[in-house]
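Have a look at the structure below, then the notes.
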Amino acid sequence: MLTYVLRRLLTAVPVLLGVTVINFIIMRMAPGNPVDMLVSPKLPAAAAEARRLALGLNEPAYVQYGLWLKNLLLHGDLGYSLITYEPVTRVIFDRMGPTLLLMGTALALGLLVAVPLGVLSATRQYSKLDYLASTGSFLGLSVPGFFLGLGLIYLFAIQLQWLPSGGMTELGGSGGFVDRLRHLILPALVLAAAVAGRCIRYVRSSMLEILGHDYLRTARAKGVRETLVVGRHAMRNALIPIVTVIGLEMSVLLGGAVVVEQVFAWPGIGQLTLSSIMSRDYSTLMGLNLVAAVSVIAVNLATDFIYAAVDPRVRTSYEGEGAA
Amino acid sequence: MNLFRRYFSVGRGRGPAMPGTAGPVLSGAGRGQSGPAKPEPGPGGLEAAASGPLGPYRDASRLPGAGPGQEGPGSAGPAAEIGAVPGRMFLQRFQRHKLGVAGAIALGVMALAALLAPLIAPYDPNAVTDSFGEGPSLRHWLGTDPIGRDMLSRLIYAARVSLAAGLGAMAIAAAIGTLLGLIAGYAGGWIDNVIMRVTDIFMAFPYLMLILVVASLVGPGLTNIILILGLLGWPAVARLVRGNVLAIKQADYVTAAVALGLSRTRILLRHILPNTVAPILIYATSGVAGAILDEAALSFLGLGVQPPDASWGNMLASAQSLTVLTSQPWLWVPPGVAIIVTVLAVNFVGDALRDALDPRNRH
């Protein structure tokens, strides 16, 4: 297991480094110059130049990259926002919580729907429920999040007036648990619908493969009740691969969050991304992109480790390859 | 139709060790038999199975194989069960998938409408008429927007944008991905290593976020969106193709071709490429669906197709205003429904293709 973990960690290092380089290159493509946006055109050219120097914008690209990487590694420093002059790390950190809350809730909700539906449609293959579930999963895949979000706002916030249409807390409200929960429901539902749409088919097919196995026949032959055969023997093995899906969801959900947070005015990473794009705050954008990519890599590593821990075949095969 | 032959083979992919074969959707979840695939001793894999052209995740090779408990992690999957799917049989099978047929028809109609937009659309999509923000009527079937443009005409013209974005982006992504995947899989060694590492790096960025950032840098517009989606969409294809090439490389007919002294390019283009077309095609359909959704999202956020040009995404953006949302549903419901219908149709076609092209699917 240790070998496996170490090997996976080692292969992640060049990828991480590559991520920082790509990130930097993209940001260097930026048109315009943040200084031009900050200072008034009436300012003497020399003063603008001084500001540019202060921000290090006149250095050659590789020097800027080296400096940026050094600061990042030594101090966890991602520089300062070009617009607000706040440290990027703090700006991102402040917005992280709401997004994680949103993504976590959506993932949990989505799996809560997808797992039972997937298992049921596998055990009752070609039944009405099966077709319903797979059609539903296609629908979940095909409905754009912003449209679903608008529809939900229209229905629940405007027509029925059950839930708020946006934000994370009521203005001037207590900001208590119930308040947050009410604001969380709609955006989480939008993301959860997509999660469920993506996952149902994986659960179903994973379950279907398991159901054909000899050990289940043995269990049945021994007179184990069907619910136990499915619920304990089959599901236990069928659901292990779903761990990987959680890693994949991380990347997709972060993208989805950008859209959903915009629709629901949810004060998270996604909204920060959009507002940074609009204000050309490249250092914040760079930090955001980097944090997002690193989280994706980290979560995928974690799910790989979990998978390897529960399923020994994974790590042995990995080691086998290394020896070859 | 030997194009479709032997496509269902499995190689060693990149992701973590995933036992089993192609993605579950291909082998297991298809409406066909998901009968146990025979374990087959294969080139024991640190990374098994990359060949499953899976739907929603770009990083599909990381997904669990179809048979987590079935095949040893080292098995190469059901490469032995490969058979031909001749053309006529393919059609028969495709037709059996009712939703797939419905999707194909819907797409056909949509494509026709997009092509013939100037003939069909009752008004010029950007022309201002004399009714402003009025609901559906006989003169304007889907009403007009606050500026006075006919919504039906805009809807029809916007179909061009969506279809162009979906097909264009996927074509670029498929071309780059196939080329790199072929090279990586066939060359092996450090070339393979470099290409796959770059693929890993691109895969690490959350797709939509990366696209947003790049779109904000190079500027909006349909051409730019197509280029961005295409140039950033290739890694998934590259992995898929590479996995297939690795498996096909070991087939006897490739060994035979090598023994005959055929050139590398010829083996790659004439013997290996045709046999990985089917999985690329299946992946591409879900890729088209994804690209259509991405374009809509970008345009919705204001970073895609810019007004006055119509796109379903930017038509929906107007609904962010509360008055439009509450009192002018004709402005935002039709474009939303259009997106859903299009994407659903593409996905159904993809599902039908998957069923029809899987040679193990013999009813």
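All residue names refer to the structure tokens as shown: chains lettered A, B, ... in order, residues numbered from 1 in each chain, ligands numbered from 1 in order.
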
With only C-alpha atoms as the counted atoms, please give the residues lying no more than 8 Å from B:Val333, apart from itself and same-chain residues fewer than 4 positions off, as a CSV table (one decimal) with N, CA and C atoms, in the first residue's frame.
```
chain,number,residue,atom,x,y,z
B,316,LEU,N,-31.3,33.3,-22.9
B,316,LEU,CA,-31.7,32.9,-21.5
B,316,LEU,C,-31.1,33.9,-20.5
B,329,PRO,N,-42.4,34.9,-19.7
B,329,PRO,CA,-41.8,33.5,-19.9
B,329,PRO,C,-41.5,33.2,-21.3
B,337,VAL,N,-35.9,25.2,-23.5
B,337,VAL,CA,-36.4,23.9,-24.0
B,337,VAL,C,-35.6,23.5,-25.3
```

For a quick test of understanding: name the residues of chain A lying within 7 Å of chain B when counting only C-alpha atoms, and present them as an mmCIF file with all heavy atoms, in the first residue's frame.
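Done, and the output landed in selection-v2.cif:
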```
data_model
loop_
_atom_site.group_PDB
_atom_site.id
_atom_site.type_symbol
_atom_site.label_atom_id
_atom_site.label_comp_id
_atom_site.auth_asym_id
_atom_site.auth_seq_id
_atom_site.Cartn_x
_atom_site.Cartn_y
_atom_site.Cartn_z
ATOM 1 N N VAL A 15 2.730 16.728 -12.751
ATOM 2 C CA VAL A 15 1.433 17.257 -13.174
ATOM 3 C C VAL A 15 1.153 18.577 -12.467
ATOM 4 O O VAL A 15 0.725 19.554 -13.088
ATOM 5 C CB VAL A 15 0.308 16.233 -12.893
ATOM 6 C CG1 VAL A 15 -1.041 16.833 -13.223
ATOM 7 C CG2 VAL A 15 0.526 14.970 -13.696
ATOM 8 N N GLY A 18 3.284 21.230 -13.948
ATOM 9 C CA GLY A 18 2.736 21.568 -15.256
ATOM 10 C C GLY A 18 1.533 22.478 -15.128
ATOM 11 O O GLY A 18 1.370 23.427 -15.900
ATOM 12 N N VAL A 19 0.713 22.186 -14.130
ATOM 13 C CA VAL A 19 -0.471 23.001 -13.906
ATOM 14 C C VAL A 19 -0.079 24.449 -13.638
ATOM 15 O O VAL A 19 -0.665 25.376 -14.201
ATOM 16 C CB VAL A 19 -1.296 22.422 -12.730
ATOM 17 C CG1 VAL A 19 -2.254 23.461 -12.197
ATOM 18 C CG2 VAL A 19 -2.061 21.186 -13.175
ATOM 19 N N MET A 29 -1.184 35.589 -21.403
ATOM 20 C CA MET A 29 -1.875 35.926 -22.643
ATOM 21 C C MET A 29 -2.820 37.115 -22.448
ATOM 22 O O MET A 29 -3.378 37.633 -23.405
ATOM 23 C CB MET A 29 -2.710 34.738 -23.139
ATOM 24 C CG MET A 29 -1.893 33.602 -23.738
ATOM 25 S SD MET A 29 -2.863 32.076 -23.788
ATOM 26 C CE MET A 29 -4.423 32.645 -24.483
ATOM 27 N N ALA A 30 -2.997 37.483 -21.196
ATOM 28 C CA ALA A 30 -4.007 38.493 -20.886
ATOM 29 C C ALA A 30 -3.814 39.763 -21.698
ATOM 30 O O ALA A 30 -2.721 40.316 -21.744
ATOM 31 C CB ALA A 30 -3.950 38.814 -19.404
ATOM 32 N N PRO A 31 -4.882 40.211 -22.326
ATOM 33 C CA PRO A 31 -4.793 41.468 -23.058
ATOM 34 C C PRO A 31 -4.922 42.620 -22.082
ATOM 35 O O PRO A 31 -5.434 42.453 -20.979
ATOM 36 C CB PRO A 31 -6.007 41.417 -23.975
ATOM 37 C CG PRO A 31 -7.001 40.599 -23.227
ATOM 38 C CD PRO A 31 -6.218 39.641 -22.369
ATOM 39 N N PHE A 138 -30.689 10.662 -18.338
ATOM 40 C CA PHE A 138 -30.393 11.435 -19.547
ATOM 41 C C PHE A 138 -30.880 12.875 -19.408
ATOM 42 O O PHE A 138 -30.223 13.807 -19.849
ATOM 43 C CB PHE A 138 -31.036 10.796 -20.779
ATOM 44 C CG PHE A 138 -30.161 9.762 -21.414
ATOM 45 C CD1 PHE A 138 -30.543 8.444 -21.443
ATOM 46 C CD2 PHE A 138 -28.940 10.114 -21.957
ATOM 47 C CE1 PHE A 138 -29.728 7.480 -22.011
ATOM 48 C CE2 PHE A 138 -28.118 9.164 -22.525
ATOM 49 C CZ PHE A 138 -28.517 7.840 -22.553
ATOM 50 N N LEU A 139 -32.038 13.001 -18.784
ATOM 51 C CA LEU A 139 -32.589 14.336 -18.588
ATOM 52 C C LEU A 139 -31.656 15.161 -17.696
ATOM 53 O O LEU A 139 -31.351 16.317 -17.989
ATOM 54 C CB LEU A 139 -33.974 14.216 -17.950
ATOM 55 C CG LEU A 139 -34.956 15.320 -18.287
ATOM 56 C CD1 LEU A 139 -35.211 15.374 -19.774
ATOM 57 C CD2 LEU A 139 -36.255 15.121 -17.539
ATOM 58 N N SER A 142 -28.863 16.472 -19.584
ATOM 59 C CA SER A 142 -29.137 17.344 -20.721
ATOM 60 C C SER A 142 -29.712 18.704 -20.346
ATOM 61 O O SER A 142 -29.776 19.588 -21.185
ATOM 62 C CB SER A 142 -30.100 16.653 -21.698
ATOM 63 O OG SER A 142 -29.620 15.371 -22.018
ATOM 64 N N VAL A 143 -30.158 18.850 -19.122
ATOM 65 C CA VAL A 143 -30.736 20.135 -18.738
ATOM 66 C C VAL A 143 -29.618 21.064 -18.281
ATOM 67 O O VAL A 143 -28.877 20.734 -17.376
ATOM 68 C CB VAL A 143 -31.751 19.961 -17.598
ATOM 69 C CG1 VAL A 143 -32.308 21.312 -17.195
ATOM 70 C CG2 VAL A 143 -32.876 19.050 -18.028
ATOM 71 N N PRO A 144 -29.473 22.213 -18.930
ATOM 72 C CA PRO A 144 -28.431 23.132 -18.476
ATOM 73 C C PRO A 144 -28.755 23.650 -17.079
ATOM 74 O O PRO A 144 -29.912 23.971 -16.787
ATOM 75 C CB PRO A 144 -28.471 24.259 -19.505
ATOM 76 C CG PRO A 144 -29.663 24.051 -20.343
ATOM 77 C CD PRO A 144 -30.254 22.728 -20.060
ATOM 78 N N PHE A 147 -30.699 26.913 -16.689
ATOM 79 C CA PHE A 147 -32.121 26.871 -17.023
ATOM 80 C C PHE A 147 -32.919 26.229 -15.896
ATOM 81 O O PHE A 147 -33.959 26.734 -15.472
ATOM 82 C CB PHE A 147 -32.334 26.116 -18.333
ATOM 83 C CG PHE A 147 -33.770 26.096 -18.784
ATOM 84 C CD1 PHE A 147 -34.420 27.267 -19.106
ATOM 85 C CD2 PHE A 147 -34.466 24.903 -18.862
ATOM 86 C CE1 PHE A 147 -35.744 27.254 -19.521
ATOM 87 C CE2 PHE A 147 -35.787 24.886 -19.278
ATOM 88 C CZ PHE A 147 -36.425 26.066 -19.598
ATOM 89 N N TYR A 154 -38.312 30.416 -10.514
ATOM 90 C CA TYR A 154 -39.650 30.820 -10.954
ATOM 91 C C TYR A 154 -40.716 30.095 -10.142
ATOM 92 O O TYR A 154 -41.663 30.700 -9.645
ATOM 93 C CB TYR A 154 -39.814 30.505 -12.441
ATOM 94 C CG TYR A 154 -41.154 30.906 -13.004
ATOM 95 C CD1 TYR A 154 -41.470 32.248 -13.180
ATOM 96 C CD2 TYR A 154 -42.095 29.948 -13.361
ATOM 97 C CE1 TYR A 154 -42.687 32.627 -13.689
ATOM 98 C CE2 TYR A 154 -43.326 30.319 -13.874
ATOM 99 C CZ TYR A 154 -43.621 31.668 -14.035
ATOM 100 O OH TYR A 154 -44.830 32.045 -14.533
ATOM 101 N N ARG A 198 -25.481 11.909 -13.864
ATOM 102 C CA ARG A 198 -24.221 11.280 -14.256
ATOM 103 C C ARG A 198 -24.009 9.943 -13.567
ATOM 104 O O ARG A 198 -23.402 9.038 -14.137
ATOM 105 C CB ARG A 198 -23.054 12.221 -13.924
ATOM 106 C CG ARG A 198 -22.962 13.421 -14.854
ATOM 107 C CD ARG A 198 -21.696 14.205 -14.584
ATOM 108 N NE ARG A 198 -21.766 14.937 -13.326
ATOM 109 C CZ ARG A 198 -22.123 16.212 -13.229
ATOM 110 N NH1 ARG A 198 -22.437 16.877 -14.311
ATOM 111 N NH2 ARG A 198 -22.161 16.822 -12.076
ATOM 112 N N ARG A 201 -26.258 5.772 -14.060
ATOM 113 C CA ARG A 201 -25.856 4.719 -14.992
ATOM 114 C C ARG A 201 -24.617 3.967 -14.530
ATOM 115 O O ARG A 201 -24.456 2.796 -14.811
ATOM 116 C CB ARG A 201 -25.650 5.312 -16.375
ATOM 117 C CG ARG A 201 -26.979 5.697 -16.995
ATOM 118 C CD ARG A 201 -26.811 6.085 -18.426
ATOM 119 N NE ARG A 201 -25.928 7.237 -18.549
ATOM 120 C CZ ARG A 201 -25.376 7.608 -19.698
ATOM 121 N NH1 ARG A 201 -25.598 6.914 -20.781
ATOM 122 N NH2 ARG A 201 -24.617 8.672 -19.747
ATOM 123 N N TYR A 202 -23.734 4.671 -13.800
ATOM 124 C CA TYR A 202 -22.552 3.967 -13.308
ATOM 125 C C TYR A 202 -22.916 2.979 -12.224
ATOM 126 O O TYR A 202 -22.428 1.859 -12.196
ATOM 127 C CB TYR A 202 -21.505 4.956 -12.800
ATOM 128 C CG TYR A 202 -21.014 5.818 -13.909
ATOM 129 C CD1 TYR A 202 -21.159 7.179 -13.879
ATOM 130 C CD2 TYR A 202 -20.465 5.221 -15.041
ATOM 131 C CE1 TYR A 202 -20.758 7.953 -14.933
ATOM 132 C CE2 TYR A 202 -20.062 5.987 -16.102
ATOM 133 C CZ TYR A 202 -20.211 7.360 -16.047
ATOM 134 O OH TYR A 202 -19.820 8.115 -17.095
ATOM 135 N N ARG A 204 -25.782 1.571 -11.856
ATOM 136 C CA ARG A 204 -26.543 0.496 -12.472
ATOM 137 C C ARG A 204 -25.617 -0.517 -13.134
ATOM 138 O O ARG A 204 -25.736 -1.726 -12.921
ATOM 139 C CB ARG A 204 -27.494 1.083 -13.517
ATOM 140 C CG ARG A 204 -28.295 0.048 -14.281
ATOM 141 C CD ARG A 204 -29.145 0.754 -15.345
ATOM 142 N NE ARG A 204 -29.974 -0.182 -16.085
ATOM 143 C CZ ARG A 204 -29.583 -0.790 -17.191
ATOM 144 N NH1 ARG A 204 -28.362 -0.600 -17.643
ATOM 145 N NH2 ARG A 204 -30.408 -1.609 -17.827
ATOM 146 N N SER A 205 -24.684 -0.016 -13.940
ATOM 147 C CA SER A 205 -23.851 -0.956 -14.679
ATOM 148 C C SER A 205 -22.885 -1.684 -13.749
ATOM 149 O O SER A 205 -22.626 -2.877 -13.911
ATOM 150 C CB SER A 205 -23.082 -0.234 -15.773
ATOM 151 O OG SER A 205 -22.396 0.851 -15.226
ATOM 152 N N SER A 206 -22.394 -0.966 -12.758
ATOM 153 C CA SER A 206 -21.506 -1.601 -11.793
ATOM 154 C C SER A 206 -22.252 -2.733 -11.088
ATOM 155 O O SER A 206 -21.736 -3.829 -10.895
ATOM 156 C CB SER A 206 -21.040 -0.546 -10.794
ATOM 157 O OG SER A 206 -20.247 -1.100 -9.805
ATOM 158 N N LEU A 208 -24.945 -4.316 -12.213
ATOM 159 C CA LEU A 208 -25.289 -5.375 -13.169
ATOM 160 C C LEU A 208 -24.146 -6.378 -13.313
ATOM 161 O O LEU A 208 -24.363 -7.584 -13.387
ATOM 162 C CB LEU A 208 -25.599 -4.762 -14.535
ATOM 163 C CG LEU A 208 -27.035 -4.320 -14.755
ATOM 164 C CD1 LEU A 208 -27.180 -3.673 -16.123
ATOM 165 C CD2 LEU A 208 -27.985 -5.497 -14.627
ATOM 166 N N GLU A 209 -22.933 -5.843 -13.386
ATOM 167 C CA GLU A 209 -21.788 -6.727 -13.541
ATOM 168 C C GLU A 209 -21.666 -7.677 -12.349
ATOM 169 O O GLU A 209 -21.423 -8.861 -12.504
ATOM 170 C CB GLU A 209 -20.501 -5.903 -13.659
ATOM 171 C CG GLU A 209 -20.382 -5.123 -14.939
ATOM 172 C CD GLU A 209 -20.171 -6.010 -16.159
ATOM 173 O OE1 GLU A 209 -19.632 -7.128 -16.014
ATOM 174 O OE2 GLU A 209 -20.577 -5.586 -17.250
ATOM 175 N N ILE A 210 -21.859 -7.097 -11.174
ATOM 176 C CA ILE A 210 -21.717 -7.889 -9.953
ATOM 177 C C ILE A 210 -22.801 -8.964 -9.872
ATOM 178 O O ILE A 210 -22.551 -10.093 -9.468
ATOM 179 C CB ILE A 210 -21.821 -6.975 -8.719
ATOM 180 C CG1 ILE A 210 -20.703 -5.951 -8.729
ATOM 181 C CG2 ILE A 210 -21.816 -7.787 -7.448
ATOM 182 C CD1 ILE A 210 -19.402 -6.447 -8.222
ATOM 183 N N GLY A 212 -24.117 -10.808 -11.897
ATOM 184 C CA GLY A 212 -23.930 -12.047 -12.634
ATOM 185 C C GLY A 212 -22.929 -13.000 -11.979
ATOM 186 O O GLY A 212 -22.619 -14.031 -12.538
ATOM 187 N N PRO A 241 -16.452 1.119 -6.694
ATOM 188 C CA PRO A 241 -15.982 1.984 -7.793
ATOM 189 C C PRO A 241 -16.592 3.377 -7.756
ATOM 190 O O PRO A 241 -16.058 4.307 -8.373
ATOM 191 C CB PRO A 241 -16.450 1.259 -9.060
ATOM 192 C CG PRO A 241 -16.762 -0.117 -8.634
ATOM 193 C CD PRO A 241 -17.130 -0.075 -7.201
ATOM 194 N N THR A 244 -14.478 6.457 -7.042
ATOM 195 C CA THR A 244 -13.786 7.179 -8.106
ATOM 196 C C THR A 244 -14.657 8.283 -8.682
ATOM 197 O O THR A 244 -14.175 9.352 -9.040
ATOM 198 C CB THR A 244 -13.401 6.211 -9.233
ATOM 199 O OG1 THR A 244 -12.773 5.092 -8.647
ATOM 200 C CG2 THR A 244 -12.456 6.871 -10.197
ATOM 201 N N VAL A 245 -15.952 7.987 -8.760
ATOM 202 C CA VAL A 245 -16.873 8.972 -9.316
ATOM 203 C C VAL A 245 -16.832 10.259 -8.509
ATOM 204 O O VAL A 245 -16.886 11.360 -9.053
ATOM 205 C CB VAL A 245 -18.304 8.393 -9.364
ATOM 206 C CG1 VAL A 245 -19.295 9.482 -9.695
ATOM 207 C CG2 VAL A 245 -18.382 7.282 -10.371
ATOM 208 N N LEU A 248 -14.134 12.362 -9.755
ATOM 209 C CA LEU A 248 -14.447 12.977 -11.044
ATOM 210 C C LEU A 248 -15.437 14.116 -10.875
ATOM 211 O O LEU A 248 -15.363 15.133 -11.563
ATOM 212 C CB LEU A 248 -15.042 11.934 -11.992
ATOM 213 C CG LEU A 248 -14.089 10.820 -12.406
ATOM 214 C CD1 LEU A 248 -14.823 9.759 -13.189
ATOM 215 C CD2 LEU A 248 -12.959 11.393 -13.239
ATOM 216 N N SER A 251 -14.199 17.899 -10.241
ATOM 217 C CA SER A 251 -13.869 18.774 -11.345
ATOM 218 C C SER A 251 -15.126 19.308 -12.033
ATOM 219 O O SER A 251 -15.231 20.490 -12.333
ATOM 220 C CB SER A 251 -12.991 18.004 -12.328
ATOM 221 O OG SER A 251 -13.018 18.586 -13.590
ATOM 222 N N VAL A 252 -16.095 18.413 -12.254
ATOM 223 C CA VAL A 252 -17.307 18.826 -12.963
ATOM 224 C C VAL A 252 -18.134 19.781 -12.108
ATOM 225 O O VAL A 252 -18.668 20.779 -12.597
ATOM 226 C CB VAL A 252 -18.158 17.590 -13.333
ATOM 227 C CG1 VAL A 252 -19.263 17.989 -14.275
ATOM 228 C CG2 VAL A 252 -17.299 16.522 -13.956
ATOM 229 N N LEU A 254 -17.135 21.826 -9.771
ATOM 230 C CA LEU A 254 -16.533 23.154 -9.680
ATOM 231 C C LEU A 254 -16.953 24.002 -10.872
ATOM 232 O O LEU A 254 -17.260 25.187 -10.733
ATOM 233 C CB LEU A 254 -15.016 23.040 -9.642
ATOM 234 C CG LEU A 254 -14.375 23.102 -8.265
ATOM 235 C CD1 LEU A 254 -12.891 22.805 -8.356
ATOM 236 C CD2 LEU A 254 -14.587 24.465 -7.636
ATOM 237 N N GLY A 255 -16.972 23.381 -12.055
ATOM 238 C CA GLY A 255 -17.428 24.096 -13.240
ATOM 239 C C GLY A 255 -18.888 24.473 -13.113
ATOM 240 O O GLY A 255 -19.278 25.613 -13.384
ATOM 241 N N ILE A 277 -12.989 37.801 -13.578
ATOM 242 C CA ILE A 277 -12.896 37.887 -15.034
ATOM 243 C C ILE A 277 -13.343 39.272 -15.486
ATOM 244 O O ILE A 277 -12.681 39.931 -16.288
ATOM 245 C CB ILE A 277 -13.758 36.801 -15.700
ATOM 246 C CG1 ILE A 277 -13.093 35.437 -15.548
ATOM 247 C CG2 ILE A 277 -13.987 37.117 -17.178
ATOM 248 C CD1 ILE A 277 -13.909 34.288 -16.077
ATOM 249 N N ALA A 292 -8.187 25.443 -7.808
ATOM 250 C CA ALA A 292 -9.151 24.491 -8.340
ATOM 251 C C ALA A 292 -8.443 23.247 -8.871
ATOM 252 O O ALA A 292 -8.818 22.114 -8.546
ATOM 253 C CB ALA A 292 -9.972 25.141 -9.452
ATOM 254 N N ALA A 293 -7.393 23.463 -9.663
ATOM 255 C CA ALA A 293 -6.699 22.324 -10.252
ATOM 256 C C ALA A 293 -6.046 21.466 -9.176
ATOM 257 O O ALA A 293 -6.110 20.234 -9.217
ATOM 258 C CB ALA A 293 -5.651 22.805 -11.250
ATOM 259 N N VAL A 296 -8.590 19.389 -7.453
ATOM 260 C CA VAL A 296 -9.011 18.264 -8.275
ATOM 261 C C VAL A 296 -7.980 17.136 -8.198
ATOM 262 O O VAL A 296 -8.322 15.967 -7.983
ATOM 263 C CB VAL A 296 -9.212 18.700 -9.741
ATOM 264 C CG1 VAL A 296 -9.392 17.502 -10.641
ATOM 265 C CG2 VAL A 296 -10.422 19.608 -9.852
ATOM 266 N N ILE A 297 -6.700 17.517 -8.319
ATOM 267 C CA ILE A 297 -5.657 16.494 -8.239
ATOM 268 C C ILE A 297 -5.681 15.819 -6.870
ATOM 269 O O ILE A 297 -5.618 14.593 -6.759
ATOM 270 C CB ILE A 297 -4.270 17.130 -8.491
ATOM 271 C CG1 ILE A 297 -4.196 17.637 -9.937
ATOM 272 C CG2 ILE A 297 -3.163 16.128 -8.227
ATOM 273 C CD1 ILE A 297 -2.930 18.392 -10.255
ATOM 274 N N ASP A 304 -8.279 7.636 -5.170
ATOM 275 C CA ASP A 304 -7.471 6.493 -5.591
ATOM 276 C C ASP A 304 -6.966 5.714 -4.383
ATOM 277 O O ASP A 304 -6.963 4.479 -4.374
ATOM 278 C CB ASP A 304 -6.273 6.966 -6.413
ATOM 279 C CG ASP A 304 -6.670 7.348 -7.822
ATOM 280 O OD1 ASP A 304 -7.862 7.180 -8.146
ATOM 281 O OD2 ASP A 304 -5.811 7.812 -8.586
ATOM 282 N N ARG A 313 -6.849 -5.457 -5.135
ATOM 283 C CA ARG A 313 -6.425 -5.801 -6.496
ATOM 284 C C ARG A 313 -5.816 -4.600 -7.202
ATOM 285 O O ARG A 313 -4.931 -4.718 -8.023
ATOM 286 C CB ARG A 313 -7.612 -6.299 -7.314
ATOM 287 C CG ARG A 313 -8.033 -7.683 -6.938
ATOM 288 C CD ARG A 313 -9.365 -7.990 -7.578
ATOM 289 N NE ARG A 313 -10.334 -6.935 -7.262
ATOM 290 C CZ ARG A 313 -11.596 -6.984 -7.616
ATOM 291 N NH1 ARG A 313 -12.052 -7.988 -8.318
ATOM 292 N NH2 ARG A 313 -12.408 -6.031 -7.293
ATOM 293 N N VAL A 314 -6.314 -3.431 -6.854
ATOM 294 C CA VAL A 314 -5.846 -2.217 -7.513
ATOM 295 C C VAL A 314 -4.368 -1.992 -7.247
ATOM 296 O O VAL A 314 -3.583 -1.776 -8.158
ATOM 297 C CB VAL A 314 -6.654 -1.010 -7.028
ATOM 298 C CG1 VAL A 314 -6.066 0.267 -7.563
ATOM 299 C CG2 VAL A 314 -8.089 -1.157 -7.454
ATOM 300 N N SER A 317 -1.920 -4.668 -8.680
ATOM 301 C CA SER A 317 -1.717 -4.570 -10.124
ATOM 302 C C SER A 317 -0.786 -3.410 -10.430
ATOM 303 O O SER A 317 0.031 -3.457 -11.329
ATOM 304 C CB SER A 317 -3.045 -4.370 -10.835
ATOM 305 O OG SER A 317 -3.502 -3.065 -10.633
ATOM 306 N N TYR A 318 -0.923 -2.372 -9.630
ATOM 307 C CA TYR A 318 -0.073 -1.204 -9.819
ATOM 308 C C TYR A 318 1.384 -1.577 -9.578
ATOM 309 O O TYR A 318 2.273 -1.245 -10.344
ATOM 310 C CB TYR A 318 -0.491 -0.116 -8.830
ATOM 311 C CG TYR A 318 -0.083 1.260 -9.249
ATOM 312 C CD1 TYR A 318 -0.967 2.082 -9.943
ATOM 313 C CD2 TYR A 318 1.179 1.736 -8.962
ATOM 314 C CE1 TYR A 318 -0.594 3.345 -10.325
ATOM 315 C CE2 TYR A 318 1.554 3.001 -9.335
ATOM 316 C CZ TYR A 318 0.667 3.809 -10.017
ATOM 317 O OH TYR A 318 1.038 5.065 -10.395
ATOM 318 N N GLY A 320 2.587 -4.483 -9.735
ATOM 319 C CA GLY A 320 2.995 -5.435 -10.767
ATOM 320 C C GLY A 320 3.539 -4.720 -11.982
ATOM 321 O O GLY A 320 4.566 -5.094 -12.535
ATOM 322 N N GLU A 321 2.860 -3.650 -12.322
ATOM 323 C CA GLU A 321 3.289 -2.883 -13.484
ATOM 324 C C GLU A 321 4.660 -2.276 -13.253
ATOM 325 O O GLU A 321 5.506 -2.244 -14.124
ATOM 326 C CB GLU A 321 2.266 -1.775 -13.770
ATOM 327 C CG GLU A 321 2.695 -0.769 -14.785
ATOM 328 C CD GLU A 321 2.361 -1.224 -16.196
ATOM 329 O OE1 GLU A 321 1.793 -2.320 -16.347
ATOM 330 O OE2 GLU A 321 2.679 -0.490 -17.127
#
```

Q: Take atom CA of A:Ser295 and atom CA of A:Arg90 and report the distance between them in Å, one decimal.
A: 16.3 Å

Q: Write down as a PyMOL selection string the residues belonging to stretch 128-247 of chain A that are assigned helix (DSSP H, G or I) by DSSP computed on the backbone.
A: chain A and resi 128-142+145-159+177-211+214-221+226-238+242-247

Q) Using only C-alpha atoms, which residues sit within 12 Å of A:Phe156 once same-chain residues fewer than 6 positions away are excluded, as a list in words? A) Leu148, Gly149, Leu150, Trp162, Leu163, Pro164, Ser165, Gly166, Arg182, His183, Ile185, Leu186, Pro187 and Leu189 of chain A; Thr326 of chain B

Q: Find the residues near A:Leu69: any atom within 9 Å, counting only C-alpha atoms, skip ones fewer than 6 places away on the same chain, and give them as a VMD selection string.
A: chain A and resid 20 77 to 78

Q. Separation of atom CA of B:Leu115 and atom CA of B:Arg160, in Å?
A.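 Computing the Euclidean distance for atom CA of B:Leu115 and atom CA of B:Arg160 yields 7.3 Å.
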
Q. Within 7 Å of stretch 134-143 of chain B, counting only C-alpha atoms, which residues qualify if same-chain residues fewer than 5 places away don't, as a PyMOL selection string?
A. chain B and resi 150-152+330

Q | Surrounding residues of B:Ile226 excluding itself and chain neighbours under 3 positions, 9 Å, only C-alpha atoms, as a PyMOL selection string | A | chain B and resi 164-170+172+221-223+229-231+291+295

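Considering the residues A:Leu17, A:Val203, A:Val63, A:Ala192 and counting only C-alpha atoms, A:Ser134 has its shortest atom-to-atom contact with A:Val203.
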
Q) By how many Å are atom CA of B:Ala111 and atom CA of B:Pro279 apart? A)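 Atom CA of B:Ala111 sits 23.8 Å away from atom CA of B:Pro279.
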
Q | Near-A:Gly118 list (7 Å; only C-alpha atoms; drop same-chain fewer than 2 positions) as a PyMOL selection string | A | chain A and resi 114-116+120-122+200-201+203-204
